[in-house]
Amino acid sequence: MEFVINNNISYDIMKCLVASLEAKDIYTGGHSSRVASMIFDLCKKLNLPSYQISIIYIAAQLHDIGKIGIPDYILNKKDSLTKDEWDKIKSHPEIGYSILIRSNKLKNIAKLVLHHHERWDGKGYPHGLKEEEIPLGSRIIAICDTIDAMTSNRPYRDRFTFKECYDEIIRNRGIQFDPFLVDSIGDLWTKWEKYLMENIM
């Protein structure tokens, strides 16, 4: 990547945490790397400063680290989740936050991980933040996370076509996602389609 990781953040810590998650869930590791790659593209297009890009990029790599605390049978379940199982899945941002906040060097990253499932309309979790109450990095992660998730095979469903994914993101502009960020993707859609088709599991 064309930026320097903030000196106060250990890149080695990130790699170790990602490796620990991949040991539990291989899908999640590949997913996080693809999300981070898309996020780098979008952050550059937004002309964010390098230090901010580095924080958001690392948060993207670690956004699902809380799934370490979710039982394997739930993560890999092929049938519909029960309410209790879904509640456990929804706890992963808070679990991730509780892991990362233990390091003073990862506090800014922990905050972005905590809020990456908030929605623009306030109907997300864990805190129901809305619009610009949600940290910018979390809003960026939310879009790229959803794009990769929709275009990936999951235990419980086949992947969406890229056109179906695109239509869903546009449909949720200003509802689930920050409308400015959705509009900012622009010509990156073409690049991401090619990238995901080449790297998806």
# chains A, B, ... in the order shown; residues from 1 in each chain; ligands from 1
>>> closest_atom_pairs(of="stretch 65-108 of chain A", to="stretch 44-55 of chain A", cutoff="12 Å", atoms="only C-alpha atoms", output="Markdown table")
| residue | atom | partner | partner_atom | distance |
| --- | --- | --- | --- | --- |
| A:Lys105 | CA | A:Ile55 | CA | 10.6 |
| A:Leu106 | CA | A:Ile55 | CA | 8.9 |
| A:Lys107 | CA | A:Ile55 | CA | 10.1 |
| A:Asn108 | CA | A:Ile55 | CA | 7.3 |
>>> write_last_selection(atoms="N, CA and C atoms", output="PDB file, in the first residue's frame")
ATOM      1  N   LYS A 105      -2.426   1.974  21.674  1.00  0.00           N
ATOM      2  CA  LYS A 105      -2.086   2.276  20.288  1.00  0.00           C
ATOM      3  C   LYS A 105      -3.226   1.984  19.317  1.00  0.00           C
ATOM      4  N   LEU A 106      -4.236   1.258  19.787  1.00  0.00           N
ATOM      5  CA  LEU A 106      -5.319   0.834  18.893  1.00  0.00           C
ATOM      6  C   LEU A 106      -6.668   1.472  19.237  1.00  0.00           C
ATOM      7  N   LYS A 107      -6.666   2.492  20.093  1.00  0.00           N
ATOM      8  CA  LYS A 107      -7.938   3.072  20.547  1.00  0.00           C
ATOM      9  C   LYS A 107      -8.753   3.667  19.404  1.00  0.00           C
ATOM     10  N   ASN A 108      -8.104   4.402  18.500  1.00  0.00           N
ATOM     11  CA  ASN A 108      -8.835   4.991  17.370  1.00  0.00           C
ATOM     12  C   ASN A 108      -9.389   3.910  16.457  1.00  0.00           C
TER      13      ASN A 108
END
>>> select_by_dssp(residues="chain A", states="helix (DSSP H, G or I)", output="short mmCIF file (atom, residue, chain, number, x, y, z; two decimals) with N, CA, C and O atoms, in the first residue's frame")
data_model
loop_
_atom_site.label_atom_id
_atom_site.label_comp_id
_atom_site.auth_asym_id
_atom_site.auth_seq_id
_atom_site.Cartn_x
_atom_site.Cartn_y
_atom_site.Cartn_z
N TYR A 11 2.17 -2.56 12.96
CA TYR A 11 1.64 -3.36 11.86
C TYR A 11 1.70 -4.84 12.20
O TYR A 11 0.84 -5.62 11.80
N ASP A 12 2.71 -5.20 13.00
CA ASP A 12 2.84 -6.61 13.40
C ASP A 12 1.67 -7.05 14.27
O ASP A 12 1.22 -8.19 14.17
N ILE A 13 1.17 -6.15 15.13
CA ILE A 13 0.01 -6.48 15.96
C ILE A 13 -1.17 -6.81 15.06
O ILE A 13 -1.88 -7.78 15.28
N MET A 14 -1.38 -5.97 14.03
CA MET A 14 -2.49 -6.20 13.12
C MET A 14 -2.36 -7.56 12.44
O MET A 14 -3.33 -8.33 12.37
N LYS A 15 -1.17 -7.88 11.96
CA LYS A 15 -0.98 -9.15 11.26
C LYS A 15 -1.24 -10.34 12.18
O LYS A 15 -1.82 -11.34 11.76
N CYS A 16 -0.82 -10.23 13.42
CA CYS A 16 -1.04 -11.33 14.37
C CYS A 16 -2.53 -11.51 14.66
O CYS A 16 -3.03 -12.64 14.73
N LEU A 17 -3.24 -10.41 14.82
CA LEU A 17 -4.67 -10.49 15.10
C LEU A 17 -5.43 -11.07 13.91
O LEU A 17 -6.33 -11.89 14.07
N VAL A 18 -5.08 -10.62 12.71
CA VAL A 18 -5.72 -11.15 11.50
C VAL A 18 -5.45 -12.65 11.37
O VAL A 18 -6.34 -13.44 11.05
N ALA A 19 -4.20 -13.06 11.65
CA ALA A 19 -3.85 -14.48 11.56
C ALA A 19 -4.64 -15.31 12.56
O ALA A 19 -5.05 -16.43 12.26
N SER A 20 -4.86 -14.75 13.75
CA SER A 20 -5.63 -15.49 14.76
C SER A 20 -7.08 -15.67 14.31
O SER A 20 -7.68 -16.72 14.56
N LEU A 21 -7.62 -14.68 13.62
CA LEU A 21 -8.99 -14.80 13.12
C LEU A 21 -9.06 -15.79 11.97
O LEU A 21 -9.99 -16.59 11.87
N GLU A 22 -8.06 -15.75 11.08
CA GLU A 22 -8.03 -16.68 9.96
C GLU A 22 -7.93 -18.13 10.43
O GLU A 22 -8.45 -19.04 9.79
N ALA A 23 -7.26 -18.34 11.56
CA ALA A 23 -7.15 -19.69 12.11
C ALA A 23 -8.50 -20.23 12.51
O ALA A 23 -8.74 -21.44 12.50
N LYS A 24 -9.42 -19.32 12.85
CA LYS A 24 -10.76 -19.73 13.25
C LYS A 24 -11.72 -19.74 12.07
O LYS A 24 -12.56 -20.61 11.93
N ILE A 26 -11.37 -18.97 7.95
CA ILE A 26 -10.58 -18.60 6.78
C ILE A 26 -11.31 -17.57 5.92
O ILE A 26 -10.71 -16.64 5.40
N TYR A 27 -12.62 -17.70 5.78
CA TYR A 27 -13.39 -16.76 4.97
C TYR A 27 -13.20 -15.33 5.47
O TYR A 27 -12.96 -14.40 4.70
N THR A 28 -13.29 -15.14 6.78
CA THR A 28 -13.24 -13.80 7.33
C THR A 28 -11.92 -13.12 7.05
O THR A 28 -11.86 -11.92 6.77
N GLY A 29 -10.82 -13.87 7.07
CA GLY A 29 -9.52 -13.29 6.78
C GLY A 29 -9.44 -12.75 5.37
O GLY A 29 -9.02 -11.62 5.14
N GLY A 30 -9.84 -13.53 4.38
CA GLY A 30 -9.83 -13.06 3.00
C GLY A 30 -10.78 -11.90 2.79
O GLY A 30 -10.47 -10.94 2.07
N HIS A 31 -11.92 -11.98 3.44
CA HIS A 31 -12.91 -10.91 3.37
C HIS A 31 -12.31 -9.60 3.86
O HIS A 31 -12.42 -8.56 3.20
N SER A 32 -11.65 -9.63 5.01
CA SER A 32 -11.10 -8.41 5.59
C SER A 32 -10.04 -7.79 4.69
O SER A 32 -9.97 -6.55 4.55
N SER A 33 -9.22 -8.60 4.06
CA SER A 33 -8.18 -8.09 3.15
C SER A 33 -8.80 -7.41 1.93
O SER A 33 -8.32 -6.36 1.48
N ARG A 34 -9.86 -8.02 1.39
CA ARG A 34 -10.52 -7.42 0.22
C ARG A 34 -11.21 -6.11 0.60
O ARG A 34 -11.15 -5.12 -0.15
N VAL A 35 -11.85 -6.09 1.75
CA VAL A 35 -12.49 -4.86 2.22
C VAL A 35 -11.45 -3.76 2.39
O VAL A 35 -11.66 -2.61 1.97
N ALA A 36 -10.32 -4.09 2.99
CA ALA A 36 -9.26 -3.11 3.20
C ALA A 36 -8.74 -2.56 1.87
O ALA A 36 -8.44 -1.36 1.75
N SER A 37 -8.63 -3.42 0.86
CA SER A 37 -8.16 -2.97 -0.44
C SER A 37 -9.13 -1.97 -1.07
O SER A 37 -8.70 -0.92 -1.60
N MET A 38 -10.42 -2.25 -1.00
CA MET A 38 -11.41 -1.32 -1.53
C MET A 38 -11.41 -0.01 -0.75
O MET A 38 -11.53 1.08 -1.32
N ILE A 39 -11.25 -0.12 0.56
CA ILE A 39 -11.23 1.07 1.41
C ILE A 39 -10.05 1.96 1.06
O ILE A 39 -10.18 3.20 1.03
N PHE A 40 -8.91 1.38 0.79
CA PHE A 40 -7.75 2.17 0.40
C PHE A 40 -8.07 2.98 -0.85
O PHE A 40 -7.77 4.18 -0.93
N ASP A 41 -8.69 2.34 -1.84
CA ASP A 41 -9.07 3.04 -3.08
C ASP A 41 -10.00 4.22 -2.79
O ASP A 41 -9.80 5.32 -3.32
N LEU A 42 -11.02 3.97 -1.98
CA LEU A 42 -12.01 5.01 -1.71
C LEU A 42 -11.42 6.15 -0.88
O LEU A 42 -11.69 7.33 -1.15
N CYS A 43 -10.60 5.82 0.10
CA CYS A 43 -9.96 6.86 0.91
C CYS A 43 -9.05 7.74 0.07
O CYS A 43 -9.01 8.96 0.26
N LYS A 44 -8.32 7.13 -0.85
CA LYS A 44 -7.47 7.92 -1.74
C LYS A 44 -8.31 8.84 -2.62
O LYS A 44 -7.95 10.00 -2.86
N LYS A 45 -9.42 8.33 -3.09
CA LYS A 45 -10.29 9.15 -3.94
C LYS A 45 -10.88 10.32 -3.16
O LYS A 45 -11.12 11.40 -3.71
N SER A 50 -2.82 10.81 4.83
CA SER A 50 -2.22 9.47 4.95
C SER A 50 -2.43 8.85 6.32
O SER A 50 -2.71 7.65 6.43
N TYR A 51 -2.30 9.66 7.38
CA TYR A 51 -2.45 9.09 8.72
C TYR A 51 -3.87 8.57 8.93
O TYR A 51 -4.08 7.53 9.59
N GLN A 52 -4.87 9.26 8.36
CA GLN A 52 -6.26 8.82 8.51
C GLN A 52 -6.52 7.57 7.68
O GLN A 52 -7.22 6.65 8.12
N ILE A 53 -5.94 7.52 6.49
CA ILE A 53 -6.08 6.33 5.66
C ILE A 53 -5.49 5.12 6.38
O ILE A 53 -6.08 4.03 6.37
N SER A 54 -4.34 5.31 7.04
CA SER A 54 -3.70 4.18 7.71
C SER A 54 -4.58 3.63 8.82
O SER A 54 -4.69 2.42 9.00
N ILE A 55 -5.24 4.52 9.56
CA ILE A 55 -6.11 4.09 10.66
C ILE A 55 -7.31 3.34 10.11
O ILE A 55 -7.68 2.27 10.62
N ILE A 56 -7.94 3.88 9.07
CA ILE A 56 -9.13 3.23 8.50
C ILE A 56 -8.75 1.90 7.85
O ILE A 56 -9.48 0.91 7.96
N TYR A 57 -7.60 1.87 7.20
CA TYR A 57 -7.14 0.64 6.55
C TYR A 57 -6.92 -0.47 7.57
O TYR A 57 -7.35 -1.62 7.37
N ILE A 58 -6.27 -0.15 8.67
CA ILE A 58 -6.03 -1.16 9.70
C ILE A 58 -7.35 -1.58 10.35
O ILE A 58 -7.58 -2.77 10.61
N ALA A 59 -8.24 -0.62 10.59
CA ALA A 59 -9.55 -0.96 11.14
C ALA A 59 -10.31 -1.91 10.22
O ALA A 59 -11.00 -2.83 10.67
N ALA A 60 -10.16 -1.71 8.91
CA ALA A 60 -10.80 -2.61 7.94
C ALA A 60 -10.26 -4.02 8.05
O ALA A 60 -11.01 -5.00 8.00
N GLN A 61 -8.95 -4.14 8.22
CA GLN A 61 -8.36 -5.46 8.38
C GLN A 61 -8.87 -6.16 9.64
O GLN A 61 -8.97 -7.38 9.70
N LEU A 62 -9.21 -5.36 10.65
CA LEU A 62 -9.58 -5.91 11.96
C LEU A 62 -11.07 -5.79 12.28
O LEU A 62 -11.48 -6.12 13.38
N ILE A 65 -12.65 -8.84 13.90
CA ILE A 65 -11.86 -9.56 14.89
C ILE A 65 -12.72 -10.09 16.04
O ILE A 65 -12.41 -11.12 16.65
N GLY A 66 -13.83 -9.42 16.30
CA GLY A 66 -14.73 -9.87 17.37
C GLY A 66 -15.37 -11.21 17.11
O GLY A 66 -15.89 -11.85 18.03
N LYS A 67 -15.32 -11.68 15.85
CA LYS A 67 -15.90 -13.00 15.55
C LYS A 67 -15.10 -14.12 16.19
O LYS A 67 -15.56 -15.26 16.22
N ILE A 68 -13.92 -13.80 16.72
CA ILE A 68 -13.17 -14.78 17.50
C ILE A 68 -14.03 -15.27 18.67
O ILE A 68 -13.92 -16.42 19.10
N GLY A 69 -14.88 -14.39 19.17
CA GLY A 69 -15.72 -14.73 20.32
C GLY A 69 -17.06 -15.34 19.96
O GLY A 69 -17.88 -15.60 20.86
N ASP A 72 -18.20 -21.37 16.57
CA ASP A 72 -18.04 -21.82 15.18
C ASP A 72 -19.35 -22.28 14.57
O ASP A 72 -19.61 -22.05 13.39
N TYR A 73 -20.19 -22.95 15.36
CA TYR A 73 -21.42 -23.49 14.79
C TYR A 73 -22.36 -22.39 14.31
O TYR A 73 -23.17 -22.60 13.39
N ILE A 74 -22.23 -21.20 14.88
CA ILE A 74 -23.04 -20.07 14.42
C ILE A 74 -22.42 -19.47 13.16
O ILE A 74 -23.12 -19.20 12.18
N LEU A 75 -21.12 -19.25 13.16
CA LEU A 75 -20.46 -18.66 12.00
C LEU A 75 -20.63 -19.50 10.74
O LEU A 75 -20.72 -18.97 9.63
N LYS A 83 -33.04 -16.13 16.77
CA LYS A 83 -32.85 -14.78 17.32
C LYS A 83 -31.66 -14.73 18.25
O LYS A 83 -30.86 -13.78 18.22
N ASP A 84 -31.49 -15.76 19.08
CA ASP A 84 -30.37 -15.79 20.01
C ASP A 84 -29.04 -15.86 19.25
O ASP A 84 -28.07 -15.18 19.62
N GLU A 85 -29.01 -16.67 18.20
CA GLU A 85 -27.78 -16.79 17.41
C GLU A 85 -27.47 -15.47 16.69
O GLU A 85 -26.31 -15.05 16.61
N TRP A 86 -28.50 -14.82 16.17
CA TRP A 86 -28.31 -13.55 15.49
C TRP A 86 -27.82 -12.49 16.47
O TRP A 86 -26.94 -11.68 16.15
N ASP A 87 -28.35 -12.52 17.69
CA ASP A 87 -27.89 -11.57 18.71
C ASP A 87 -26.41 -11.79 19.03
O ASP A 87 -25.67 -10.83 19.26
N LYS A 88 -25.99 -13.03 19.01
CA LYS A 88 -24.57 -13.32 19.25
C LYS A 88 -23.71 -12.78 18.11
O LYS A 88 -22.65 -12.19 18.34
N ILE A 89 -24.15 -12.96 16.87
CA ILE A 89 -23.43 -12.42 15.71
C ILE A 89 -23.32 -10.90 15.84
O ILE A 89 -22.27 -10.31 15.59
N HIS A 92 -20.42 -9.01 17.72
CA HIS A 92 -18.99 -9.04 17.35
C HIS A 92 -18.32 -7.67 17.27
O HIS A 92 -17.13 -7.58 17.57
N PRO A 93 -19.04 -6.58 16.93
CA PRO A 93 -18.33 -5.29 16.99
C PRO A 93 -17.91 -4.91 18.42
O PRO A 93 -16.82 -4.36 18.62
N GLU A 94 -18.75 -5.23 19.39
CA GLU A 94 -18.42 -4.91 20.78
C GLU A 94 -17.31 -5.82 21.31
O GLU A 94 -16.45 -5.38 22.08
N ILE A 95 -17.34 -7.08 20.88
CA ILE A 95 -16.24 -7.99 21.27
C ILE A 95 -14.93 -7.49 20.68
O ILE A 95 -13.90 -7.44 21.35
N GLY A 96 -14.97 -7.11 19.39
CA GLY A 96 -13.78 -6.58 18.75
C GLY A 96 -13.26 -5.34 19.45
O GLY A 96 -12.05 -5.18 19.68
N TYR A 97 -14.17 -4.45 19.80
CA TYR A 97 -13.80 -3.23 20.52
C TYR A 97 -13.12 -3.57 21.85
O TYR A 97 -12.09 -2.99 22.20
N SER A 98 -13.70 -4.53 22.57
CA SER A 98 -13.15 -4.89 23.88
C SER A 98 -11.75 -5.50 23.76
O SER A 98 -10.93 -5.37 24.68
N ILE A 99 -11.48 -6.14 22.63
CA ILE A 99 -10.13 -6.69 22.39
C ILE A 99 -9.15 -5.57 22.07
O ILE A 99 -8.07 -5.47 22.66
N LEU A 100 -9.52 -4.70 21.13
CA LEU A 100 -8.60 -3.69 20.63
C LEU A 100 -8.36 -2.55 21.62
O LEU A 100 -7.27 -1.97 21.66
N ASN A 104 -3.38 0.94 24.02
CA ASN A 104 -3.47 2.38 23.83
C ASN A 104 -3.22 2.78 22.39
O ASN A 104 -3.73 3.79 21.91
N LYS A 105 -2.43 1.97 21.67
CA LYS A 105 -2.09 2.28 20.29
C LYS A 105 -3.23 1.98 19.32
O LYS A 105 -3.19 2.39 18.16
N LEU A 106 -4.24 1.26 19.79
CA LEU A 106 -5.32 0.83 18.89
C LEU A 106 -6.67 1.47 19.24
O LEU A 106 -7.70 1.05 18.72
N LYS A 107 -6.67 2.49 20.09
CA LYS A 107 -7.94 3.07 20.55
C LYS A 107 -8.75 3.67 19.40
O LYS A 107 -9.97 3.49 19.34
N ASN A 108 -8.10 4.40 18.50
CA ASN A 108 -8.83 4.99 17.37
C ASN A 108 -9.39 3.91 16.46
O ASN A 108 -10.50 4.04 15.91
N ILE A 109 -8.63 2.85 16.30
CA ILE A 109 -9.07 1.73 15.47
C ILE A 109 -10.23 1.00 16.13
O ILE A 109 -11.20 0.62 15.47
N ALA A 110 -10.15 0.84 17.45
CA ALA A 110 -11.22 0.17 18.20
C ALA A 110 -12.56 0.86 17.99
O ALA A 110 -13.60 0.22 17.84
N LYS A 111 -12.54 2.18 17.97
CA LYS A 111 -13.78 2.95 17.80
C LYS A 111 -14.40 2.70 16.43
O LYS A 111 -15.63 2.55 16.30
N LEU A 112 -13.57 2.65 15.40
CA LEU A 112 -14.09 2.40 14.05
C LEU A 112 -14.67 0.99 13.94
O LEU A 112 -15.70 0.78 13.30
N VAL A 113 -14.01 0.02 14.57
CA VAL A 113 -14.51 -1.36 14.58
C VAL A 113 -15.85 -1.44 15.31
O VAL A 113 -16.78 -2.12 14.85
N LEU A 114 -15.97 -0.73 16.42
CA LEU A 114 -17.20 -0.76 17.21
C LEU A 114 -18.41 -0.34 16.39
O LEU A 114 -19.50 -0.89 16.53
N GLU A 131 -26.29 9.02 10.72
CA GLU A 131 -25.65 10.03 9.90
C GLU A 131 -24.22 10.31 10.38
O GLU A 131 -23.44 9.39 10.59
N GLU A 132 -23.87 11.58 10.59
CA GLU A 132 -22.49 11.92 10.90
C GLU A 132 -22.13 11.66 12.36
O GLU A 132 -20.99 11.94 12.77
N GLU A 133 -23.06 11.14 13.15
CA GLU A 133 -22.69 10.62 14.47
C GLU A 133 -21.75 9.42 14.32
O GLU A 133 -20.95 9.14 15.20
N LEU A 136 -16.45 8.61 10.36
CA LEU A 136 -16.28 8.49 8.91
C LEU A 136 -15.69 7.14 8.53
O LEU A 136 -16.16 6.50 7.58
N GLY A 137 -14.67 6.70 9.23
CA GLY A 137 -14.05 5.42 8.91
C GLY A 137 -15.02 4.27 9.00
O GLY A 137 -14.99 3.35 8.17
N SER A 138 -15.90 4.30 9.97
CA SER A 138 -16.90 3.25 10.13
C SER A 138 -17.90 3.27 8.97
O SER A 138 -18.33 2.22 8.49
N ARG A 139 -18.25 4.47 8.51
CA ARG A 139 -19.17 4.59 7.37
C ARG A 139 -18.54 4.04 6.09
O ARG A 139 -19.22 3.42 5.27
N ILE A 140 -17.25 4.28 5.93
CA ILE A 140 -16.54 3.75 4.76
C ILE A 140 -16.45 2.23 4.83
O ILE A 140 -16.72 1.53 3.84
N ILE A 141 -16.10 1.71 5.99
CA ILE A 141 -16.03 0.26 6.17
C ILE A 141 -17.38 -0.39 5.88
O ILE A 141 -17.45 -1.44 5.23
N ALA A 142 -18.46 0.23 6.34
CA ALA A 142 -19.80 -0.34 6.17
C ALA A 142 -20.12 -0.61 4.71
O ALA A 142 -20.68 -1.66 4.36
N ILE A 143 -19.77 0.32 3.83
CA ILE A 143 -20.07 0.15 2.41
C ILE A 143 -19.22 -0.97 1.80
O ILE A 143 -19.73 -1.89 1.15
N CYS A 144 -17.91 -0.90 2.01
CA CYS A 144 -17.02 -1.88 1.40
C CYS A 144 -17.24 -3.28 1.98
O CYS A 144 -17.14 -4.28 1.26
N ASP A 145 -17.54 -3.35 3.26
CA ASP A 145 -17.86 -4.62 3.91
C ASP A 145 -19.07 -5.27 3.26
O ASP A 145 -19.07 -6.46 2.95
N THR A 146 -20.09 -4.48 3.02
CA THR A 146 -21.32 -4.99 2.43
C THR A 146 -21.10 -5.45 0.99
O THR A 146 -21.61 -6.50 0.57
N ILE A 147 -20.34 -4.68 0.22
CA ILE A 147 -20.06 -5.05 -1.17
C ILE A 147 -19.37 -6.41 -1.22
O ILE A 147 -19.76 -7.30 -1.99
N ASP A 148 -18.35 -6.59 -0.40
CA ASP A 148 -17.63 -7.86 -0.43
C ASP A 148 -18.50 -9.00 0.09
O ASP A 148 -18.50 -10.10 -0.47
N ALA A 149 -19.25 -8.76 1.16
CA ALA A 149 -20.11 -9.81 1.72
C ALA A 149 -21.15 -10.27 0.72
O ALA A 149 -21.40 -11.48 0.56
N MET A 150 -21.75 -9.33 -0.01
CA MET A 150 -22.80 -9.69 -0.95
C MET A 150 -22.25 -10.48 -2.14
O MET A 150 -22.94 -11.35 -2.68
N PHE A 162 -22.50 -8.99 -9.35
CA PHE A 162 -22.02 -7.65 -9.04
C PHE A 162 -23.10 -6.61 -9.36
O PHE A 162 -23.24 -5.61 -8.65
N LYS A 163 -23.88 -6.86 -10.40
CA LYS A 163 -24.98 -5.93 -10.75
C LYS A 163 -26.02 -5.91 -9.63
O LYS A 163 -26.53 -4.83 -9.26
N GLU A 164 -26.36 -7.07 -9.09
CA GLU A 164 -27.32 -7.12 -7.96
C GLU A 164 -26.77 -6.37 -6.76
O GLU A 164 -27.49 -5.65 -6.07
N CYS A 165 -25.47 -6.54 -6.51
CA CYS A 165 -24.82 -5.84 -5.40
C CYS A 165 -24.87 -4.33 -5.62
O CYS A 165 -25.25 -3.57 -4.71
N TYR A 166 -24.49 -3.90 -6.80
CA TYR A 166 -24.51 -2.47 -7.14
C TYR A 166 -25.90 -1.89 -6.92
O TYR A 166 -26.07 -0.84 -6.28
N ASP A 167 -26.93 -2.58 -7.44
CA ASP A 167 -28.30 -2.08 -7.31
C ASP A 167 -28.71 -1.96 -5.84
O ASP A 167 -29.41 -1.02 -5.44
N GLU A 168 -28.26 -2.91 -5.00
CA GLU A 168 -28.62 -2.90 -3.59
C GLU A 168 -27.95 -1.73 -2.86
O GLU A 168 -28.57 -1.08 -2.02
N ILE A 169 -26.69 -1.49 -3.18
CA ILE A 169 -26.00 -0.36 -2.56
C ILE A 169 -26.68 0.96 -2.95
O ILE A 169 -26.92 1.82 -2.09
N ILE A 170 -26.99 1.11 -4.22
CA ILE A 170 -27.65 2.33 -4.68
C ILE A 170 -29.02 2.48 -4.04
O ILE A 170 -29.42 3.58 -3.63
N ARG A 171 -29.74 1.38 -3.93
CA ARG A 171 -31.08 1.42 -3.31
C ARG A 171 -31.01 1.87 -1.86
O ARG A 171 -31.92 2.53 -1.36
N PRO A 179 -24.87 8.81 1.82
CA PRO A 179 -25.09 9.07 0.38
C PRO A 179 -23.89 9.69 -0.30
O PRO A 179 -23.60 9.39 -1.46
N PHE A 180 -23.15 10.57 0.41
CA PHE A 180 -21.96 11.18 -0.19
C PHE A 180 -20.92 10.12 -0.53
O PHE A 180 -20.30 10.16 -1.61
N LEU A 181 -20.73 9.17 0.35
CA LEU A 181 -19.73 8.12 0.11
C LEU A 181 -20.15 7.21 -1.04
O LEU A 181 -19.33 6.81 -1.86
N VAL A 182 -21.43 6.88 -1.11
CA VAL A 182 -21.92 6.05 -2.23
C VAL A 182 -21.67 6.78 -3.55
O VAL A 182 -21.17 6.19 -4.52
N ASP A 183 -21.98 8.06 -3.59
CA ASP A 183 -21.77 8.84 -4.81
C ASP A 183 -20.29 8.95 -5.15
O ASP A 183 -19.91 9.05 -6.34
N SER A 184 -19.44 8.93 -4.13
CA SER A 184 -18.01 9.11 -4.35
C SER A 184 -17.34 7.89 -4.98
O SER A 184 -16.24 8.01 -5.52
N ILE A 185 -17.99 6.74 -4.93
CA ILE A 185 -17.38 5.53 -5.49
C ILE A 185 -17.12 5.70 -6.99
O ILE A 185 -16.05 5.38 -7.49
N LEU A 188 -14.81 3.70 -9.44
CA LEU A 188 -14.22 2.58 -8.71
C LEU A 188 -15.07 1.31 -8.84
O LEU A 188 -14.56 0.20 -8.65
N TRP A 189 -16.34 1.47 -9.17
CA TRP A 189 -17.19 0.29 -9.33
C TRP A 189 -16.59 -0.68 -10.36
O TRP A 189 -16.56 -1.89 -10.13
N THR A 190 -16.13 -0.15 -11.46
CA THR A 190 -15.56 -1.01 -12.51
C THR A 190 -14.30 -1.71 -12.02
O THR A 190 -14.11 -2.93 -12.23
N LYS A 191 -13.44 -0.98 -11.33
CA LYS A 191 -12.21 -1.56 -10.79
C LYS A 191 -12.54 -2.65 -9.76
O LYS A 191 -11.94 -3.73 -9.76
N TRP A 192 -13.50 -2.37 -8.88
CA TRP A 192 -13.85 -3.32 -7.82
C TRP A 192 -14.49 -4.59 -8.38
O TRP A 192 -14.26 -5.68 -7.86
N GLU A 193 -15.28 -4.44 -9.40
CA GLU A 193 -15.89 -5.64 -9.99
C GLU A 193 -14.80 -6.59 -10.49
O GLU A 193 -14.83 -7.80 -10.21
N LYS A 194 -13.84 -6.07 -11.19
CA LYS A 194 -12.74 -6.88 -11.70
C LYS A 194 -11.93 -7.48 -10.55
O LYS A 194 -11.61 -8.67 -10.56
N TYR A 195 -11.63 -6.66 -9.56
CA TYR A 195 -10.83 -7.11 -8.42
C TYR A 195 -11.54 -8.24 -7.65
O TYR A 195 -10.94 -9.27 -7.33
N LEU A 196 -12.81 -8.06 -7.37
CA LEU A 196 -13.54 -9.05 -6.59
C LEU A 196 -13.74 -10.35 -7.36
O LEU A 196 -13.64 -11.44 -6.79
N MET A 197 -13.99 -10.26 -8.65
CA MET A 197 -14.16 -11.46 -9.44
C MET A 197 -12.87 -12.26 -9.51
O MET A 197 -12.88 -13.48 -9.67
N GLU A 198 -11.73 -11.58 -9.40
CA GLU A 198 -10.44 -12.26 -9.46
C GLU A 198 -10.00 -12.82 -8.09
O GLU A 198 -9.21 -13.77 -8.03
N ASN A 199 -10.53 -12.24 -7.02
CA ASN A 199 -10.02 -12.58 -5.69
C ASN A 199 -11.05 -13.19 -4.75
O ASN A 199 -10.69 -13.58 -3.63
#
>>> atom_distance(atom1="atom CA of A:Gly124", atom2="atom CA of A:Ser80")
20.0 Å
>>> select_by_dssp(residues="stretch 121-185 of chain A", states="strand (DSSP E or B)", output="JSON, numbers by chain")
{"A": [154, 157, 173, 177]}
>>> write_last_selection(atoms="C-alpha atoms", output="mmCIF file, in the first residue's frame")
data_model
loop_
_atom_site.group_PDB
_atom_site.id
_atom_site.type_symbol
_atom_site.label_atom_id
_atom_site.label_comp_id
_atom_site.auth_asym_id
_atom_site.auth_seq_id
_atom_site.Cartn_x
_atom_site.Cartn_y
_atom_site.Cartn_z
ATOM 1 C CA ARG A 154 -21.681 -17.766 2.377
ATOM 2 C CA ARG A 157 -26.494 -18.505 0.406
ATOM 3 C CA ARG A 173 -28.062 5.208 -0.475
ATOM 4 C CA PHE A 177 -25.170 4.093 3.709
#
>>> atom_distance(atom1="atom CA of A:Lys77", atom2="atom CA of A:Lys90")
15.0 Å
>>> atom_distance(atom1="atom CA of A:Asn76", atom2="atom CA of A:Asp158")
13.8 Å
